[in-house]
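Novice: Pasting start.cif here (mmCIF, C-alpha atoms, pLDDT in the B column; chains and numbers go by the auth columns):
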```cif
data_start
#
loop_
_atom_site.group_PDB
_atom_site.id
_atom_site.type_symbol
_atom_site.label_atom_id
_atom_site.label_comp_id
_atom_site.label_asym_id
_atom_site.label_seq_id
_atom_site.Cartn_x
_atom_site.Cartn_y
_atom_site.Cartn_z
_atom_site.B_iso_or_equiv
_atom_site.auth_seq_id
_atom_site.auth_asym_id
ATOM 1 C CA MET A 1 0.000 0.000 0.000 53.00 1 C
ATOM 2 C CA ASP A 2 1.138 3.543 -0.762 60.00 2 C
ATOM 3 C CA ASP A 3 2.667 5.574 2.124 67.00 3 C
ATOM 4 C CA THR A 4 0.084 8.294 1.569 70.00 4 C
ATOM 5 C CA LYS A 5 -2.885 5.970 2.110 74.00 5 C
ATOM 6 C CA GLN A 6 -4.041 4.417 5.340 72.00 6 C
ATOM 7 C CA ILE A 7 -6.955 2.125 6.217 73.00 7 C
ATOM 8 C CA ILE A 8 -8.864 3.121 9.322 70.00 8 C
ATOM 9 C CA GLU A 9 -11.884 1.527 10.971 68.00 9 C
ATOM 10 C CA VAL A 10 -14.619 3.556 12.634 65.00 10 C
ATOM 11 C CA ASN A 11 -17.320 1.556 14.405 61.00 11 C
ATOM 12 C CA GLY A 12 -16.964 -1.380 12.014 58.00 12 C
ATOM 13 C CA VAL A 13 -16.695 0.680 8.815 61.00 13 C
ATOM 14 C CA LYS A 14 -13.325 0.426 7.062 64.00 14 C
ATOM 15 C CA LEU A 15 -12.224 3.514 5.193 64.00 15 C
ATOM 16 C CA GLU A 16 -9.195 4.082 3.001 69.00 16 C
ATOM 17 C CA VAL A 17 -7.900 7.571 3.633 69.00 17 C
ATOM 18 C CA ASP A 18 -5.503 9.427 1.374 68.00 18 C
ATOM 19 C CA LEU A 19 -3.365 11.315 3.862 64.00 19 C
ATOM 20 C CA ARG A 20 -2.397 13.928 1.239 67.00 20 C
ATOM 21 C CA THR A 21 -5.972 15.175 0.922 66.00 21 C
ATOM 22 C CA ALA A 22 -7.620 14.011 4.145 56.00 22 C
ATOM 23 C CA ARG A 23 -9.517 16.681 6.061 54.00 23 C
ATOM 24 C CA ARG A 24 -11.293 16.526 9.322 49.00 24 C
ATOM 25 C CA ILE A 25 -15.010 16.659 8.572 58.00 25 C
ATOM 26 C CA GLU A 26 -16.355 16.853 12.074 67.00 26 C
ATOM 27 C CA GLU A 27 -14.795 18.025 15.301 75.00 27 C
ATOM 28 C CA LEU A 28 -16.368 17.161 18.632 80.00 28 C
ATOM 29 C CA ARG A 29 -15.419 18.765 21.931 84.00 29 C
ATOM 30 C CA VAL A 30 -16.778 18.528 25.440 90.00 30 C
ATOM 31 C CA GLY A 31 -20.000 20.544 25.234 86.00 31 C
ATOM 32 C CA SER A 32 -20.585 19.850 21.524 87.00 32 C
ATOM 33 C CA ARG A 33 -24.207 19.245 20.612 88.00 33 C
ATOM 34 C CA VAL A 34 -24.876 15.854 19.049 89.00 34 C
ATOM 35 C CA LYS A 35 -27.800 13.778 17.880 89.00 35 C
ATOM 36 C CA VAL A 36 -28.088 10.225 19.167 90.00 36 C
ATOM 37 C CA LEU A 37 -29.849 7.671 16.980 89.00 37 C
ATOM 38 C CA THR A 38 -31.103 4.673 18.977 90.00 38 C
ATOM 39 C CA LYS A 39 -32.827 1.511 17.782 89.00 39 C
ATOM 40 C CA THR A 40 -36.207 0.730 19.324 85.00 40 C
ATOM 41 C CA TYR A 41 -38.741 -2.036 18.803 87.00 41 C
ATOM 42 C CA ASN A 42 -40.635 0.354 16.487 88.00 42 C
ATOM 43 C CA GLY A 43 -37.608 1.440 14.450 90.00 43 C
ATOM 44 C CA THR A 44 -35.280 4.254 15.426 89.00 44 C
ATOM 45 C CA GLU A 45 -35.451 7.449 17.485 87.00 45 C
ATOM 46 C CA VAL A 46 -33.285 10.570 17.436 88.00 46 C
ATOM 47 C CA HIS A 47 -32.431 12.266 20.738 88.00 47 C
ATOM 48 C CA PRO A 48 -30.566 15.519 21.441 89.00 48 C
ATOM 49 C CA GLY A 49 -27.349 15.176 23.393 90.00 49 C
ATOM 50 C CA ILE A 50 -24.124 16.780 24.572 90.00 50 C
ATOM 51 C CA VAL A 51 -20.596 15.395 24.583 91.00 51 C
ATOM 52 C CA VAL A 52 -19.593 15.286 28.251 92.00 52 C
ATOM 53 C CA GLY A 53 -16.212 13.620 27.988 90.00 53 C
ATOM 54 C CA PHE A 54 -13.637 11.557 26.176 89.00 54 C
ATOM 55 C CA GLU A 55 -11.886 8.491 27.549 87.00 55 C
ATOM 56 C CA PRO A 56 -8.684 7.937 25.545 85.00 56 C
ATOM 57 C CA PHE A 57 -8.280 4.221 26.267 87.00 57 C
ATOM 58 C CA PRO A 58 -5.548 2.832 23.971 86.00 58 C
ATOM 59 C CA SER A 59 -7.624 -0.151 22.833 89.00 59 C
ATOM 60 C CA LYS A 60 -11.073 1.510 22.821 87.00 60 C
ATOM 61 C CA PRO A 61 -11.243 5.302 22.676 88.00 61 C
ATOM 62 C CA THR A 62 -14.680 6.261 24.015 89.00 62 C
ATOM 63 C CA ILE A 63 -16.899 9.322 23.683 90.00 63 C
ATOM 64 C CA ILE A 64 -19.216 9.912 26.670 92.00 64 C
ATOM 65 C CA VAL A 65 -22.538 11.482 25.663 93.00 65 C
ATOM 66 C CA ALA A 66 -25.454 12.621 27.826 92.00 66 C
ATOM 67 C CA TYR A 67 -28.763 12.703 25.981 90.00 67 C
ATOM 68 C CA VAL A 68 -32.394 13.467 26.715 88.00 68 C
ATOM 69 C CA LYS A 69 -35.122 10.980 25.896 86.00 69 C
ATOM 70 C CA SER A 70 -38.651 12.356 25.983 79.00 70 C
ATOM 71 C CA GLU A 71 -41.504 9.877 26.479 76.00 71 C
ATOM 72 C CA TYR A 72 -45.129 10.768 27.072 74.00 72 C
ATOM 73 C CA ASN A 73 -45.119 12.583 30.432 72.00 73 C
ATOM 74 C CA ALA A 74 -41.515 11.824 31.355 73.00 74 C
ATOM 75 C CA VAL A 75 -38.132 13.051 30.330 78.00 75 C
ATOM 76 C CA GLY A 76 -35.112 10.898 30.999 82.00 76 C
ATOM 77 C CA LEU A 77 -31.481 11.877 31.150 85.00 77 C
ATOM 78 C CA HIS A 78 -29.282 9.053 29.869 89.00 78 C
ATOM 79 C CA THR A 79 -25.568 8.535 29.284 90.00 79 C
ATOM 80 C CA LEU A 80 -23.889 6.665 26.472 92.00 80 C
ATOM 81 C CA SER A 81 -20.332 5.362 26.215 92.00 81 C
ATOM 82 C CA PHE A 82 -19.772 5.362 22.454 91.00 82 C
ATOM 83 C CA ASN A 83 -16.893 3.288 21.094 90.00 83 C
ATOM 84 C CA SER A 84 -16.142 0.583 18.533 89.00 84 C
ATOM 85 C CA ASP A 85 -18.216 -1.968 20.496 91.00 85 C
ATOM 86 C CA THR A 86 -21.354 0.191 20.645 89.00 86 C
ATOM 87 C CA LYS A 87 -24.241 -1.489 18.835 90.00 87 C
ATOM 88 C CA ASP A 88 -27.611 -0.131 17.693 90.00 88 C
ATOM 89 C CA VAL A 89 -26.590 3.488 18.422 91.00 89 C
ATOM 90 C CA GLU A 90 -25.080 6.213 16.251 89.00 90 C
ATOM 91 C CA ILE A 91 -24.022 9.784 16.997 88.00 91 C
ATOM 92 C CA ILE A 92 -23.462 12.762 14.717 85.00 92 C
ATOM 93 C CA ALA A 93 -22.728 16.428 15.311 84.00 93 C
ATOM 94 C CA SER A 94 -25.922 18.463 15.552 84.00 94 C
ATOM 95 C CA ILE A 95 -26.091 21.426 13.230 77.00 95 C
ATOM 96 C CA ASP A 96 -29.579 22.690 14.080 72.00 96 C
ATOM 97 C CA ASP A 97 -31.658 23.589 17.134 70.00 97 C
ATOM 98 C CA ASP A 98 -34.376 20.981 16.788 69.00 98 C
ATOM 99 C CA PHE A 99 -34.382 19.996 20.454 69.00 99 C
ATOM 100 C CA SER A 100 -37.635 18.042 20.858 68.00 100 C
ATOM 101 C CA VAL A 101 -38.343 19.279 24.404 70.00 101 C
ATOM 102 C CA SER A 102 -37.925 22.675 25.986 78.00 102 C
ATOM 103 C CA LYS A 103 -35.649 23.535 28.887 82.00 103 C
ATOM 104 C CA ALA A 104 -38.764 24.274 30.988 85.00 104 C
ATOM 105 C CA GLU A 105 -40.176 20.783 30.284 81.00 105 C
ATOM 106 C CA VAL A 106 -36.947 19.074 31.344 82.00 106 C
ATOM 107 C CA LEU A 107 -36.600 21.182 34.500 88.00 107 C
ATOM 108 C CA GLY A 108 -40.295 20.571 35.273 87.00 108 C
ATOM 109 C CA TRP A 109 -39.700 16.822 35.050 85.00 109 C
ATOM 110 C CA PHE A 110 -36.745 17.089 37.448 87.00 110 C
ATOM 111 C CA ASP A 111 -38.883 19.151 39.853 92.00 111 C
ATOM 112 C CA ARG A 112 -41.695 16.544 39.777 90.00 112 C
ATOM 113 C CA GLU A 113 -39.234 13.686 40.362 90.00 113 C
ATOM 114 C CA GLU A 114 -37.624 15.582 43.237 94.00 114 C
ATOM 115 C CA ARG A 115 -41.060 16.244 44.781 96.00 115 C
ATOM 116 C CA LYS A 116 -41.938 12.518 44.556 94.00 116 C
ATOM 117 C CA HIS A 117 -38.790 11.582 46.444 96.00 117 C
ATOM 118 C CA ILE A 118 -39.251 14.301 49.068 97.00 118 C
ATOM 119 C CA ASP A 119 -42.833 13.113 49.614 97.00 119 C
ATOM 120 C CA ALA A 120 -41.631 9.505 49.937 97.00 120 C
ATOM 121 C CA LEU A 121 -39.034 10.535 52.553 97.00 121 C
ATOM 122 C CA THR A 122 -41.633 12.572 54.460 96.00 122 C
ATOM 123 C CA GLU A 123 -43.975 9.556 54.490 97.00 123 C
ATOM 124 C CA LEU A 124 -41.150 7.286 55.689 96.00 124 C
ATOM 125 C CA ASP A 125 -40.306 9.702 58.529 95.00 125 C
ATOM 126 C CA ALA A 126 -43.999 9.789 59.568 96.00 126 C
ATOM 127 C CA LYS A 127 -44.163 5.969 59.600 95.00 127 C
ATOM 128 C CA ARG A 128 -41.012 5.803 61.738 93.00 128 C
ATOM 129 C CA ALA A 129 -42.461 8.319 64.228 92.00 129 C
ATOM 130 C CA PHE A 130 -45.754 6.384 64.355 93.00 130 C
ATOM 131 C CA PHE A 131 -43.896 3.109 64.963 90.00 131 C
ATOM 132 C CA LEU A 132 -41.724 4.542 67.736 88.00 132 C
ATOM 133 C CA ASP A 133 -44.710 6.189 69.419 87.00 133 C
ATOM 134 C CA ARG A 134 -47.316 3.422 69.135 85.00 134 C
ATOM 135 C CA PHE A 135 -45.192 0.284 69.431 85.00 135 C
ATOM 136 C CA LYS A 136 -43.032 1.315 72.390 80.00 136 C
ATOM 137 C CA ALA A 137 -45.128 -0.858 74.713 78.00 137 C
ATOM 138 C CA TYR A 138 -43.827 -4.007 72.995 78.00 138 C
ATOM 139 C CA TRP A 139 -40.246 -3.448 74.121 72.00 139 C
ATOM 140 C CA ARG A 140 -38.910 -2.827 77.552 64.00 140 C
ATOM 141 C CA ASP A 141 -36.142 -0.450 78.219 60.00 141 C
ATOM 142 C CA GLU A 142 -32.944 -2.411 77.589 57.00 142 C
ATOM 143 C CA PRO A 143 -31.071 -1.273 80.752 59.00 143 C
ATOM 144 C CA LEU A 144 -34.088 -2.240 82.941 54.00 144 C
ATOM 145 C CA ALA A 145 -34.363 -5.687 81.299 52.00 145 C
ATOM 146 C CA ASP A 146 -30.617 -6.214 81.786 54.00 146 C
ATOM 147 C CA GLN A 147 -30.913 -5.276 85.474 55.00 147 C
ATOM 148 C CA LEU A 148 -33.826 -7.661 86.030 54.00 148 C
ATOM 149 C CA CYS A 149 -31.848 -10.529 84.470 54.00 149 C
ATOM 150 C CA LYS A 150 -28.886 -9.772 86.750 57.00 150 C
ATOM 151 C CA ASP A 151 -31.193 -9.899 89.795 57.00 151 C
ATOM 152 C CA GLY A 152 -32.523 -13.300 88.672 56.00 152 C
ATOM 153 C CA ILE A 153 -35.939 -11.922 87.878 57.00 153 C
ATOM 154 C CA SER A 154 -37.528 -12.975 84.591 55.00 154 C
ATOM 155 C CA ALA A 155 -38.795 -10.105 82.452 48.00 155 C
#
```
What would the structure in this file look like if it were written as structure tokens?
Specialist:
Amino acid sequence: MDDTKQIIEVNGVKLEVDLRTARRIEELRVGSRVKVLTKTYNGTEVHPGIVVGFEPFPSKPTIIVAYVKSEYNAVGLHTLSFNSDTKDVEIIASIDDDFSVSKAEVLGWFDREERKHIDALTELDAKRAFFLDRFKAYWRDEPLADQLCKDGISA
């Protein structure tokens, strides 16, 4: 093979690159907007995402992407480790602002999820207080029970 040509493989696709005329088509940085194409049982879906990091492993360089998946009344924040082993997912640089959900919708979802968890913790605290208050008659004070056993008296 000629010294000016090199074969590279990107996610299973082999490309022959002429190093004399090769140009970088796409440059991704941390914070770059991307589109994530995922396979579903109905076909494929496109989700907006952001590059959040790069892991330069020698055997498997990996791009870390956070993306938003909007479903019915929920919005999920997901992460993707994209490398040569990634199957059924593709990423490309996003060149437009076609974000399928608004910032207010995403923040509203986070607020609702936070409220659910706060309510669950409040309910758990109330159950603990009820248990400690109402079931205290079932247990004797440990130091008193220990003293009665020492005196040979059965509790």
Novice: In Å, how far is it from CA of Val68 (chain C) to CA of Lys35 (chain C)?
Specialist: 10.0 Å
Novice: Neighbouring residues of region 81-88 of chain C were defined as those with any atom within 6 Å, considering all atoms listed in the file; residues of the same chain fewer than 3 positions away were excluded. Please report them as a ChimeraX atom specification.
Specialist: /C:11,39,62-64
Novice: Would you compute the distance between CA of Lys127 (chain C) and CA of Arg112 (chain C)? Give it in Å to one decimal.
Specialist: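 Computed distance, CA of Lys127 (chain C) to CA of Arg112 (chain C), equals 22.6 Å.
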Novice: Figure out the distance between CA of Arg29 (chain C) and CA of Glu90 (chain C), please, to one decimal in Å.
Specialist: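 Between CA of Glu90 (chain C) and CA of Arg29 (chain C) the gap is 16.8 Å.
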Novice: Can you work out which one of C:Trp109, C:Gln6, C:Tyr41, C:Ser94 has the shortest atom-to-atom distance to Ser70 (chain C), counting all atoms listed in the file?
Specialist: C:Trp109
Novice: Which one is closest to Ser102 (chain C): C:Ala129, C:Ile7, C:Glu45, C:Val75? Count all atoms listed in the file.
Specialist: C:Val75
Novice: For a quick check of understanding, using all atoms listed in the file, which of C:Ile8, C:Tyr67, C:Leu121, C:Gly108 has the smallest distance to Ser32 (chain C)?
Specialist: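 Of C:Ile8, C:Tyr67, C:Leu121, C:Gly108, the one nearest Ser32 (chain C) is C:Tyr67, counting all atoms listed in the file.
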Novice: Could you give me, as a list of chain:residue names, the residues within 10 Å of Val34 (chain C), counting all atoms listed in the file and dropping anything in the same chain fewer than 5 positions from it?
Specialist: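 In the requested form, the answer reads C:Leu28, C:His47, C:Pro48, C:Gly49, C:Ile50, C:Val51, C:Val65, C:Ala66, C:Tyr67, C:Ile91, C:Ile92, C:Ala93, C:Ser94, C:Ile95, C:Asp96.
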Novice: Report as JSON the centre and the edge lengths, in Å to one decimal, of the axis-aligned box holding every listed atom of region 57-76 of chain C, padded by 3 Å on each side.
Specialist:
```
{"center_x": -25.3, "center_y": 6.7, "center_z": 27.0, "size_x": 45.6, "size_y": 19.6, "size_z": 14.7}
```
Novice: Rank C:Leu77, C:Leu37, C:Val89, C:Val46 by their smallest atom-to-atom distance to Phe110 (chain C), using all atoms listed in the file, and report the top residue only.
Specialist: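 With all atoms listed in the file as the atom set, the closest residue is C:Leu77.
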